[in-house]
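Novice: So here's query.tsv (TSV, C-alpha atoms).
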chain	number	residue	atom	x	y	z
R	213	MET	CA	30.58	-110.16	71.28
R	214	GLN	CA	27.69	-107.75	71.87
R	215	ARG	CA	24.35	-107.21	70.18
R	216	TYR	CA	23.24	-103.70	69.10
R	217	THR	CA	19.77	-102.80	67.83
R	218	ASN	CA	18.03	-99.47	67.17
R	219	ILE	CA	15.20	-97.86	65.21
R	220	LEU	CA	15.64	-94.88	62.86
R	221	VAL	CA	13.00	-92.13	63.13
R	222	ASN	CA	12.87	-88.67	61.58
R	223	GLY	CA	12.03	-85.37	63.26
R	224	PHE	CA	8.32	-86.01	62.82
R	225	GLY	CA	8.53	-89.29	64.73
R	226	ASN	CA	8.15	-91.42	61.58
R	227	VAL	CA	10.32	-94.52	61.12
R	228	VAL	CA	12.87	-94.37	58.31
R	229	ALA	CA	12.97	-97.54	56.19
R	230	GLY	CA	15.67	-98.38	53.62
R	231	ALA	CA	18.33	-96.15	55.18
R	232	SER	CA	22.02	-97.08	54.92
R	233	VAL	CA	23.80	-97.63	58.27
R	234	GLN	CA	27.59	-97.98	58.15
R	235	VAL	CA	29.21	-99.35	61.31
R	236	LEU	CA	32.68	-97.84	61.76
R	237	THR	CA	35.37	-98.46	64.34
R	238	MET	CA	36.56	-95.58	66.47
R	239	PRO	CA	38.81	-93.77	66.28
R	240	SER	CA	40.11	-95.23	62.95
R	241	GLY	CA	36.81	-94.77	61.08
R	242	SER	CA	37.24	-98.05	59.13
R	243	LEU	CA	34.39	-100.46	58.40
R	244	ALA	CA	33.81	-102.72	61.38
R	245	SER	CA	33.34	-106.50	61.20
R	246	ILE	CA	29.73	-107.16	62.14
R	247	TYR	CA	27.61	-110.28	62.42
R	248	SER	CA	24.01	-111.28	62.18
R	249	ASP	CA	24.39	-113.56	65.21
R	250	ASP	CA	26.77	-114.04	68.11
R	251	GLY	CA	30.00	-113.97	66.09
R	252	ILE	CA	29.24	-116.81	63.68
R	253	THR	CA	27.58	-115.37	60.55
R	254	SER	CA	29.11	-112.25	59.00
R	255	ALA	CA	26.70	-109.45	58.08
R	256	SER	CA	27.05	-106.91	55.25
R	257	ASN	CA	28.28	-103.47	56.24
R	258	PRO	CA	26.49	-101.11	55.66
R	259	LEU	CA	23.18	-102.40	57.00
R	260	ILE	CA	19.77	-101.42	55.57
R	261	SER	CA	16.95	-100.47	57.96
R	262	ASP	CA	13.82	-102.59	57.57
R	263	VAL	CA	10.24	-101.40	57.02
R	264	GLY	CA	9.98	-100.64	60.71
R	265	GLY	CA	13.14	-98.53	60.61
R	266	SER	CA	14.95	-101.17	62.69
R	267	PHE	CA	18.49	-102.53	62.26
R	268	THR	CA	20.52	-105.02	64.35
R	269	PHE	CA	24.10	-106.27	64.36
R	270	TYR	CA	26.64	-108.07	66.55
R	271	ALA	CA	30.18	-106.82	67.04
R	272	ALA	CA	33.14	-107.35	69.32
R	273	ASP	CA	33.53	-105.22	72.42
R	274	GLY	CA	34.71	-101.73	71.48
R	275	THR	CA	33.73	-98.21	70.52
R	276	TYR	CA	31.90	-97.61	67.24
R	277	SER	CA	30.22	-94.90	65.21
R	278	LEU	CA	27.27	-95.10	62.83
R	279	LEU	CA	27.12	-93.22	59.49
R	280	ILE	CA	23.43	-92.95	58.56
R	281	SER	CA	22.32	-91.84	55.08
R	282	GLY	CA	19.53	-92.37	52.59
R	283	ASN	CA	16.86	-90.74	50.43
R	284	GLY	CA	14.79	-88.06	52.14
R	285	ILE	CA	17.06	-87.73	55.17
R	286	GLN	CA	20.17	-85.73	55.95
R	287	SER	CA	23.32	-87.79	56.44
R	288	GLU	CA	24.60	-87.80	59.98
R	289	THR	CA	27.12	-89.62	62.17
R	290	VAL	CA	26.39	-91.04	65.62
R	291	THR	CA	29.58	-91.50	67.64
R	292	ASN	CA	30.76	-93.15	70.84
R	293	ILE	CA	28.63	-96.27	70.69
R	294	ILE	CA	30.26	-98.50	73.29
R	295	LEU	CA	29.71	-102.26	73.17
R	296	THR	CA	30.96	-104.11	76.27
R	297	SER	CA	30.09	-107.10	78.40
R	298	PRO	CA	27.81	-106.40	81.39
R	299	LEU	CA	29.47	-106.34	84.77
R	300	TYR	CA	26.88	-108.51	86.44
R	301	GLY	CA	26.59	-112.30	86.32
R	302	PRO	CA	23.93	-114.38	84.63
R	303	THR	CA	20.44	-114.37	86.00
R	304	GLY	CA	19.71	-117.29	88.30
R	305	PRO	CA	16.80	-119.63	87.84
R	306	GLN	CA	13.41	-118.29	88.71
R	307	GLY	CA	12.31	-119.16	92.18
R	308	ASN	CA	9.06	-120.79	92.83
R	309	SER	CA	7.35	-117.83	94.40
R	310	ILE	CA	10.01	-115.43	95.56
R	311	THR	CA	11.63	-112.89	93.27
R	312	GLY	CA	15.35	-113.16	93.23
R	313	PRO	CA	17.57	-110.25	94.17
R	314	THR	CA	18.00	-107.42	91.68
R	315	GLY	CA	21.33	-107.50	89.94
R	316	PRO	CA	23.71	-104.61	90.28
R	317	ALA	CA	23.21	-101.58	87.98
R	318	SER	CA	25.47	-101.39	84.95
R	319	THR	CA	28.20	-98.81	85.18
R	320	VAL	CA	28.28	-98.43	81.40
R	321	ALA	CA	25.81	-96.08	79.70
R	322	GLY	CA	23.60	-97.44	77.00
R	323	PRO	CA	24.17	-96.51	73.36
R	324	THR	CA	23.38	-92.95	72.27
R	325	GLY	CA	20.27	-92.67	70.12
R	326	PRO	CA	20.44	-91.26	66.58
R	327	VAL	CA	20.56	-87.50	66.07
R	328	SER	CA	17.29	-86.05	64.74
R	329	THR	CA	17.47	-84.57	61.24
R	330	VAL	CA	14.56	-82.19	61.90
R	331	ALA	CA	15.08	-78.98	63.82
R	332	GLY	CA	13.05	-78.54	66.97
R	333	PRO	CA	10.46	-75.73	67.32
R	334	THR	CA	11.68	-72.13	67.60
R	335	GLY	CA	11.90	-70.94	71.17
R	336	PRO	CA	10.03	-67.85	72.41
R	337	VAL	CA	11.40	-64.39	71.65
R	338	SER	CA	13.47	-63.03	74.51
R	339	THR	CA	11.96	-60.09	76.37
R	340	VAL	CA	15.35	-58.96	77.61
R	341	ALA	CA	17.25	-56.55	75.38
R	342	GLY	CA	20.75	-57.52	74.37
R	343	PRO	CA	23.74	-55.45	75.40
R	344	THR	CA	24.12	-51.96	73.88
R	345	GLY	CA	26.57	-51.85	71.00
R	346	PRO	CA	29.52	-49.46	70.96
R	347	VAL	CA	28.94	-45.81	70.03
R	348	SER	CA	29.78	-45.11	66.39
R	349	THR	CA	32.66	-42.70	65.81
R	350	THR	CA	31.38	-41.78	62.35
R	351	PRO	CA	28.65	-39.10	62.24
R	352	GLY	CA	25.43	-40.01	60.47
R	353	PRO	CA	24.13	-38.10	57.43
R	354	THR	CA	22.86	-34.56	57.94
R	355	GLY	CA	19.07	-34.35	58.27
R	356	PRO	CA	16.91	-31.98	56.20
R	357	THR	CA	16.85	-28.28	57.05
R	358	GLY	CA	14.04	-27.43	59.46
R	359	ALA	CA	11.40	-24.81	58.78
R	360	ALA	CA	12.27	-21.19	59.52
R	361	SER	CA	11.28	-20.06	62.99
R	362	ALA	CA	8.36	-17.66	63.18
R	363	VAL	CA	9.77	-16.13	66.36
R	364	ALA	CA	12.46	-13.51	66.03
R	365	GLY	CA	15.68	-14.08	67.90
R	366	PRO	CA	16.91	-11.69	70.59
R	367	THR	CA	18.19	-8.28	69.52
R	368	GLY	CA	21.94	-8.10	69.36
R	369	PRO	CA	23.95	-5.52	71.29
R	370	THR	CA	24.12	-1.94	70.02
R	371	GLY	CA	27.08	-1.28	67.79
R	372	SER	CA	29.79	1.13	68.80
R	373	ALA	CA	30.31	2.86	65.44
R	374	THR	CA	31.22	6.55	65.64
R	375	MET	CA	28.76	8.98	64.05
R	376	THR	CA	30.24	11.07	61.23
R	377	TYR	CA	28.75	14.55	61.02
R	378	PRO	CA	28.63	16.72	57.86
R	379	GLY	CA	30.19	20.17	57.77
R	380	ALA	CA	28.62	23.30	59.24
R	381	GLY	CA	25.38	24.48	57.68
R	382	ILE	CA	22.29	22.64	56.45
R	383	ALA	CA	23.12	18.98	55.90
R	384	VAL	CA	22.64	17.58	52.40
R	385	SER	CA	22.46	13.82	51.86
R	386	THR	CA	23.23	12.15	48.53
R	387	GLY	CA	21.47	8.98	49.66
R	388	SER	CA	24.71	7.15	50.40
R	389	ALA	CA	26.91	9.90	51.85
R	390	TRP	CA	26.86	13.47	53.11
R	391	GLY	CA	27.06	16.11	50.38
R	392	THR	CA	28.28	19.68	50.62
R	393	PRO	CA	26.18	21.46	53.26
R	394	LEU	CA	24.20	24.57	52.41
R	395	ILE	CA	24.98	27.86	54.16
R	396	ALA	CA	22.56	28.23	57.04
R	397	PRO	CA	20.61	31.52	57.25
R	398	SER	CA	21.27	33.82	60.17
R	399	GLY	CA	17.58	34.07	60.97
R	400	ALA	CA	14.86	31.50	61.54
R	401	ILE	CA	14.16	28.93	58.86
R	402	VAL	CA	10.87	29.59	57.05
R	403	GLY	CA	8.17	27.00	57.69
R	404	THR	CA	5.42	26.11	55.24
R	405	THR	CA	2.56	26.72	57.70
R	406	ASP	CA	4.18	28.98	60.30
R	407	PHE	CA	3.17	32.60	60.89
R	408	GLN	CA	6.40	34.44	60.19
R	409	THR	CA	7.42	37.92	59.05
R	410	LEU	CA	9.85	37.90	56.15
R	411	SER	CA	12.17	40.76	55.40
R	412	LEU	CA	14.94	41.34	52.91
R	413	LYS	CA	13.38	38.72	50.61
R	414	ARG	CA	12.47	38.93	46.96
R	415	VAL	CA	9.82	36.60	45.56
R	416	THR	CA	10.31	35.98	41.86
R	417	PRO	CA	6.93	35.56	40.13
R	418	ARG	CA	6.28	32.41	38.11
R	419	ALA	CA	6.02	33.64	34.53
R	420	VAL	CA	4.64	31.71	31.55
R	421	THR	CA	4.43	33.00	27.95
R	422	THR	CA	2.64	31.74	24.86
R	423	THR	CA	2.95	32.89	21.26
R	424	SER	CA	-0.52	33.63	19.92
R	425	SER	CA	-3.52	31.55	21.05
R	426	ALA	CA	-7.28	31.95	20.69
R	427	THR	CA	-7.85	29.95	23.92
R	428	PRO	CA	-4.77	30.45	26.08
R	429	THR	CA	-3.83	27.68	28.54
R	430	ILE	CA	-3.24	29.03	32.06
R	431	ASN	CA	-2.73	26.96	35.24
R	432	THR	CA	-3.00	29.36	38.16
R	433	ASP	CA	-1.32	26.85	40.51
R	434	SER	CA	1.96	27.37	38.66
R	435	THR	CA	1.52	30.80	37.06
R	436	ASP	CA	1.67	34.30	38.51
R	437	ILE	CA	2.27	36.21	35.26
R	438	TYR	CA	0.94	35.02	31.90
R	439	GLY	CA	2.00	36.66	28.64
R	440	LEU	CA	0.56	36.34	25.14
R	441	THR	CA	3.06	37.56	22.56
R	442	ALA	CA	2.73	38.12	18.83
R	443	GLN	CA	-1.00	37.59	19.17
R	444	ALA	CA	-2.15	37.11	15.61
R	445	VAL	CA	-5.76	36.00	16.23
R	446	ASN	CA	-8.69	37.22	18.25
R	447	ILE	CA	-8.98	35.69	21.73
R	448	THR	CA	-12.23	33.71	21.89
R	449	SER	CA	-12.00	32.66	25.60
R	450	PHE	CA	-9.61	32.94	28.53
R	451	THR	CA	-11.86	30.54	30.48
R	452	THR	CA	-11.79	27.47	28.19
R	453	ASN	CA	-8.29	26.30	29.14
R	454	LEU	CA	-8.08	27.93	32.56
R	455	SER	CA	-7.24	25.59	35.48
R	456	GLY	CA	-5.97	25.63	39.05
R	457	THR	CA	-7.28	25.93	42.61
R	458	PRO	CA	-6.62	29.56	43.55
R	459	THR	CA	-6.90	30.89	47.10
R	460	ASP	CA	-8.68	34.02	48.27
R	461	GLY	CA	-6.69	37.12	47.33
R	462	GLN	CA	-4.32	35.27	44.99
R	463	LYS	CA	-3.06	37.52	42.19
R	464	LEU	CA	-2.81	36.84	38.46
R	465	TRP	CA	-1.30	39.22	35.92
R	466	ILE	CA	-1.99	38.86	32.18
R	467	TYR	CA	-0.36	40.85	29.41
R	468	ILE	CA	-1.07	40.74	25.68
R	469	VAL	CA	1.02	42.03	22.76
R	470	GLY	CA	-0.81	41.79	19.44
R	471	THR	CA	0.43	42.08	15.92
R	472	ALA	CA	-2.60	44.31	15.44
R	473	ALA	CA	-5.71	45.18	17.41
R	474	ARG	CA	-7.30	41.90	18.65
R	475	THR	CA	-10.67	41.38	20.34
R	476	ILE	CA	-10.75	39.70	23.76
R	477	ALA	CA	-13.46	37.41	25.23
R	478	TRP	CA	-12.73	36.60	28.90
R	479	GLY	CA	-15.40	33.99	29.61
R	480	THR	CA	-17.27	33.15	32.81
R	481	SER	CA	-14.21	32.80	35.07
R	482	PHE	CA	-13.49	36.54	34.99
R	483	GLU	CA	-15.44	39.55	36.28
R	484	ALA	CA	-15.16	43.35	36.30
R	485	SER	CA	-14.93	45.49	39.40
R	486	THR	CA	-14.88	49.23	39.33
R	487	VAL	CA	-12.37	48.48	36.61
R	488	ALA	CA	-13.95	47.14	33.44
R	489	LEU	CA	-12.58	44.13	31.58
R	490	PRO	CA	-10.87	45.30	28.38
R	491	THR	CA	-12.36	43.89	25.17
R	492	THR	CA	-9.59	44.64	22.67
R	493	THR	CA	-5.92	45.34	22.39
R	494	VAL	CA	-4.68	48.65	21.01
R	495	THR	CA	-2.74	48.03	17.81
R	496	THR	CA	0.64	46.53	18.79
R	497	ASN	CA	0.81	48.12	22.23
R	498	ARG	CA	1.19	45.88	25.28
R	499	LEU	CA	-2.01	45.52	27.31
R	500	ASP	CA	-1.62	44.65	31.06
R	501	VAL	CA	-4.59	43.38	33.10
R	502	GLY	CA	-4.38	42.64	36.85
R	503	PHE	CA	-6.69	40.19	38.65
R	504	VAL	CA	-7.38	39.11	42.26
R	505	TRP	CA	-9.19	35.87	43.09
R	506	ASN	CA	-12.61	36.56	44.57
R	507	ALA	CA	-13.46	33.61	46.81
R	508	ALA	CA	-17.04	34.86	47.20
R	509	THR	CA	-17.86	34.73	43.49
R	510	LEU	CA	-15.17	32.19	42.52
R	511	LYS	CA	-14.00	34.49	39.74
R	512	TRP	CA	-10.88	36.38	38.81
R	513	ARG	CA	-11.72	40.04	39.58
R	514	CYS	CA	-10.24	42.71	37.32
R	515	VAL	CA	-8.53	45.35	39.46
R	516	ALA	CA	-6.15	47.02	37.02
R	517	VAL	CA	-5.81	47.74	33.30
R	518	ALA	CA	-2.90	49.54	31.73
Output the file's structure as C-alpha cells, nothing else.
Specialist:
Amino acid sequence: MQRYTNILVNGFGNVVAGASVQVLTMPSGSLASIYSDDGITSASNPLISDVGGSFTFYAADGTYSLLISGNGIQSETVTNIILTSPLYGPTGPQGNSITGPTGPASTVAGPTGPVSTVAGPTGPVSTVAGPTGPVSTTPGPTGPTGAASAVAGPTGPTGSATMTYPGAGIAVSTGSAWGTPLIAPSGAIVGTTDFQTLSLKRVTPRAVTTTSSATPTINTDSTDIYGLTAQAVNITSFTTNLSGTPTDGQKLWIYIVGTAARTIAWGTSFEASTVALPTTTVTTNRLDVGFVWNAATLKWRCVAVA
C-alpha cells in the first residue's frame, strides 16, 4: 500500500481548488480502490482537491492514471503513475552525533506531475527560411499590357518584290495601278521654266464670251480672247470687273458685236497708243480691239482696232 499526494496548479501557477480527480487503474481504465489511510479506510473516487489544490490517497502497488476535470480548467489525463514499495530498508535510529549512512537511491521514478492546461509562451520567429516549395506547373494569370515603347524597333530586311513597269511612253498612275501610258514626244519635254524653242506647235487661245453686259467681267489670267455678243446696252466700263495679274507684253483681244451702235467706256485700266481707243460700235458690225499689257503704266495698251 502506497501513499500518493499532489497539488493541482494551472498555467498561471495558481492552485486549482474543487477539481475532480478520478484514480483509474492501468491499463483497464476502471476506477481504482483508494483509501484515506494505509489500506484501512476506503476513500471516495473521484477525489476533490482542497482549497490549497492538494489531494491525497492510498492505493495498492500498481500503475494508475488520473482523470482531472472541473470548472475553469480543461480536462486532462495523467498516465503512468507507478506506486511501488521502496527498495531500501527502514531508516535506523538516529545516532547521537554521527549521521547514519545515506540509503541507496530509488530505482523507481517518482510520479509524473499534472499536465499544464495553459500553453507556454510563443517561441521566437525563426530567421531561417523553410525549404523552397515545388515549382508550379500551372502558369499564373497574364499581367496587364505594358506601355508602348517610345523607341522604334530595328528596320526589317528589304523585301524582294519585283518591280512592275508600265508600258512604253509617259507613265500614268491611277493611284492604285498603272494606267495606259501616253505616247512620248520625239523631242524634249517642255518645262515650265526652261528656255526652249518650240516648233510645230499650235497654241489655242483661251476664249470667253458674254451675251450683252454694261460692265463685262474679264479675268486676264484665264482669258486671251473676250467676246461680247448681242450687245444690247451701252458699255459703261471695261475696268469695273477687270481682274488678273498680267505680265509684260501679255496680249488681250476684245471683240464686240452690237444689236445696234453702242457707246464704249474703257475705264482707267486701258490706254491709247498711236492707235486710239474706239468709243462706239458701228451698227451691228463686229469691232475688234487688240491690247498689250504695258508694265510701265500698268495698263492695257491699245495697239489695233478693226
Novice: In Å, with one decimal, what is the gap from CA of Tyr467 in chain R to CA of Thr509 in chain R?
Specialist: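 If I compute the distance from CA of Tyr467 in chain R to CA of Thr509 in chain R, I get 23.3 Å.
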Novice: Need the shell around Ser261 in chain R: protein/DNA/RNA residues with any atom at most 8 Å away, counting all atoms listed in the file. Skip same-chain ones fewer than 5 positions apart. Format as a list in words?
Specialist: Ile219, Leu220, Val228, Ala229, Gly230, Ala231, Ser232, Val233, Ser266 and Phe267 of chain R
Novice: Create the file for the chosen residues now, containing C-alpha atoms and written as a short mmCIF file (atom, residue, chain, number, x, y, z; two decimals), in the frame of the given file.
Specialist:
data_model
loop_
_atom_site.label_atom_id
_atom_site.label_comp_id
_atom_site.auth_asym_id
_atom_site.auth_seq_id
_atom_site.Cartn_x
_atom_site.Cartn_y
_atom_site.Cartn_z
CA ILE R 219 15.20 -97.86 65.21
CA LEU R 220 15.64 -94.88 62.86
CA VAL R 228 12.87 -94.37 58.31
CA ALA R 229 12.97 -97.54 56.19
CA GLY R 230 15.67 -98.38 53.62
CA ALA R 231 18.33 -96.15 55.18
CA SER R 232 22.02 -97.08 54.92
CA VAL R 233 23.80 -97.63 58.27
CA SER R 266 14.95 -101.17 62.69
CA PHE R 267 18.49 -102.53 62.26
#
Novice: Please compute the CA of Gly223 in chain R-CA of Pro258 in chain R distance, one decimal, in Å.
Specialist: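 If I compute the distance from CA of Gly223 in chain R to CA of Pro258 in chain R, I get 22.7 Å.
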Novice: Mind pulling up the distance from CA of Asn292 in chain R to CA of Gly251 in chain R?
Specialist: 21.4 Å
Novice: Can you pull out every residue within 9 Å of Val494 in chain R, counting all atoms listed in the file, but drop anything in the same chain fewer than 6 positions away, and send it as a PyMOL selection string?
Specialist: chain R and resi 469-470+472-474
Novice: Rebuild range 477-497 of chain R to N, CA, C and O atoms - output it as a short mmCIF file (atom, residue, chain, number, x, y, z; two decimals), in the coordinates of the input, please.
Specialist:
data_model
loop_
_atom_site.label_atom_id
_atom_site.label_comp_id
_atom_site.auth_asym_id
_atom_site.auth_seq_id
_atom_site.Cartn_x
_atom_site.Cartn_y
_atom_site.Cartn_z
N ALA R 477 -12.30 37.95 24.50
CA ALA R 477 -13.46 37.41 25.23
C ALA R 477 -12.91 36.69 26.46
O ALA R 477 -12.12 35.75 26.36
N TRP R 478 -13.31 37.14 27.66
CA TRP R 478 -12.73 36.60 28.90
C TRP R 478 -13.42 35.32 29.37
O TRP R 478 -12.80 34.45 29.96
N GLY R 479 -14.69 35.18 29.15
CA GLY R 479 -15.40 33.99 29.61
C GLY R 479 -15.92 34.16 31.03
O GLY R 479 -15.75 35.19 31.68
N THR R 480 -16.54 33.08 31.55
CA THR R 480 -17.27 33.15 32.81
C THR R 480 -16.38 33.14 34.05
O THR R 480 -16.86 33.34 35.17
N SER R 481 -15.08 32.87 33.90
CA SER R 481 -14.21 32.80 35.07
C SER R 481 -13.64 34.17 35.44
O SER R 481 -12.86 34.26 36.39
N PHE R 482 -14.02 35.19 34.73
CA PHE R 482 -13.49 36.54 34.99
C PHE R 482 -14.66 37.49 35.21
O PHE R 482 -15.76 37.29 34.67
N GLU R 483 -14.40 38.55 36.01
CA GLU R 483 -15.44 39.55 36.28
C GLU R 483 -14.79 40.93 36.41
O GLU R 483 -13.60 41.05 36.72
N ALA R 484 -15.62 41.95 36.16
CA ALA R 484 -15.16 43.35 36.30
C ALA R 484 -15.37 43.80 37.73
O ALA R 484 -16.15 43.21 38.50
N SER R 485 -14.69 44.82 38.11
CA SER R 485 -14.93 45.49 39.40
C SER R 485 -15.28 46.94 39.05
O SER R 485 -16.04 47.17 38.10
N THR R 486 -14.74 47.84 39.78
CA THR R 486 -14.88 49.23 39.33
C THR R 486 -14.03 49.47 38.09
O THR R 486 -14.14 50.50 37.44
N VAL R 487 -13.20 48.44 37.82
CA VAL R 487 -12.37 48.48 36.61
C VAL R 487 -12.97 47.50 35.63
O VAL R 487 -13.15 46.31 35.93
N ALA R 488 -13.31 47.98 34.44
CA ALA R 488 -13.95 47.14 33.44
C ALA R 488 -12.92 46.21 32.78
O ALA R 488 -11.74 46.54 32.68
N LEU R 489 -13.42 45.06 32.33
CA LEU R 489 -12.58 44.13 31.58
C LEU R 489 -12.35 44.70 30.18
O LEU R 489 -13.30 45.06 29.48
N PRO R 490 -11.11 44.80 29.73
CA PRO R 490 -10.87 45.30 28.38
C PRO R 490 -11.36 44.30 27.34
O PRO R 490 -11.31 43.09 27.58
N THR R 491 -11.80 44.78 26.20
CA THR R 491 -12.36 43.89 25.17
C THR R 491 -11.53 43.87 23.91
O THR R 491 -11.86 43.14 22.97
N THR R 492 -10.43 44.64 23.86
CA THR R 492 -9.59 44.64 22.67
C THR R 492 -8.22 45.17 23.03
O THR R 492 -8.04 45.88 24.03
N THR R 493 -7.25 44.77 22.25
CA THR R 493 -5.92 45.34 22.39
C THR R 493 -5.87 46.60 21.54
O THR R 493 -6.73 46.84 20.68
N VAL R 494 -4.84 47.40 21.78
CA VAL R 494 -4.68 48.65 21.01
C VAL R 494 -3.48 48.48 20.09
O VAL R 494 -2.33 48.47 20.57
N THR R 495 -3.76 48.27 18.84
CA THR R 495 -2.74 48.03 17.81
C THR R 495 -1.69 47.06 18.34
O THR R 495 -2.01 45.96 18.80
N THR R 496 -0.43 47.44 18.33
CA THR R 496 0.64 46.53 18.79
C THR R 496 1.13 46.89 20.18
O THR R 496 2.16 46.38 20.63
N ASN R 497 0.40 47.75 20.87
CA ASN R 497 0.81 48.12 22.23
C ASN R 497 0.56 46.96 23.21
O ASN R 497 -0.38 46.17 23.05
#
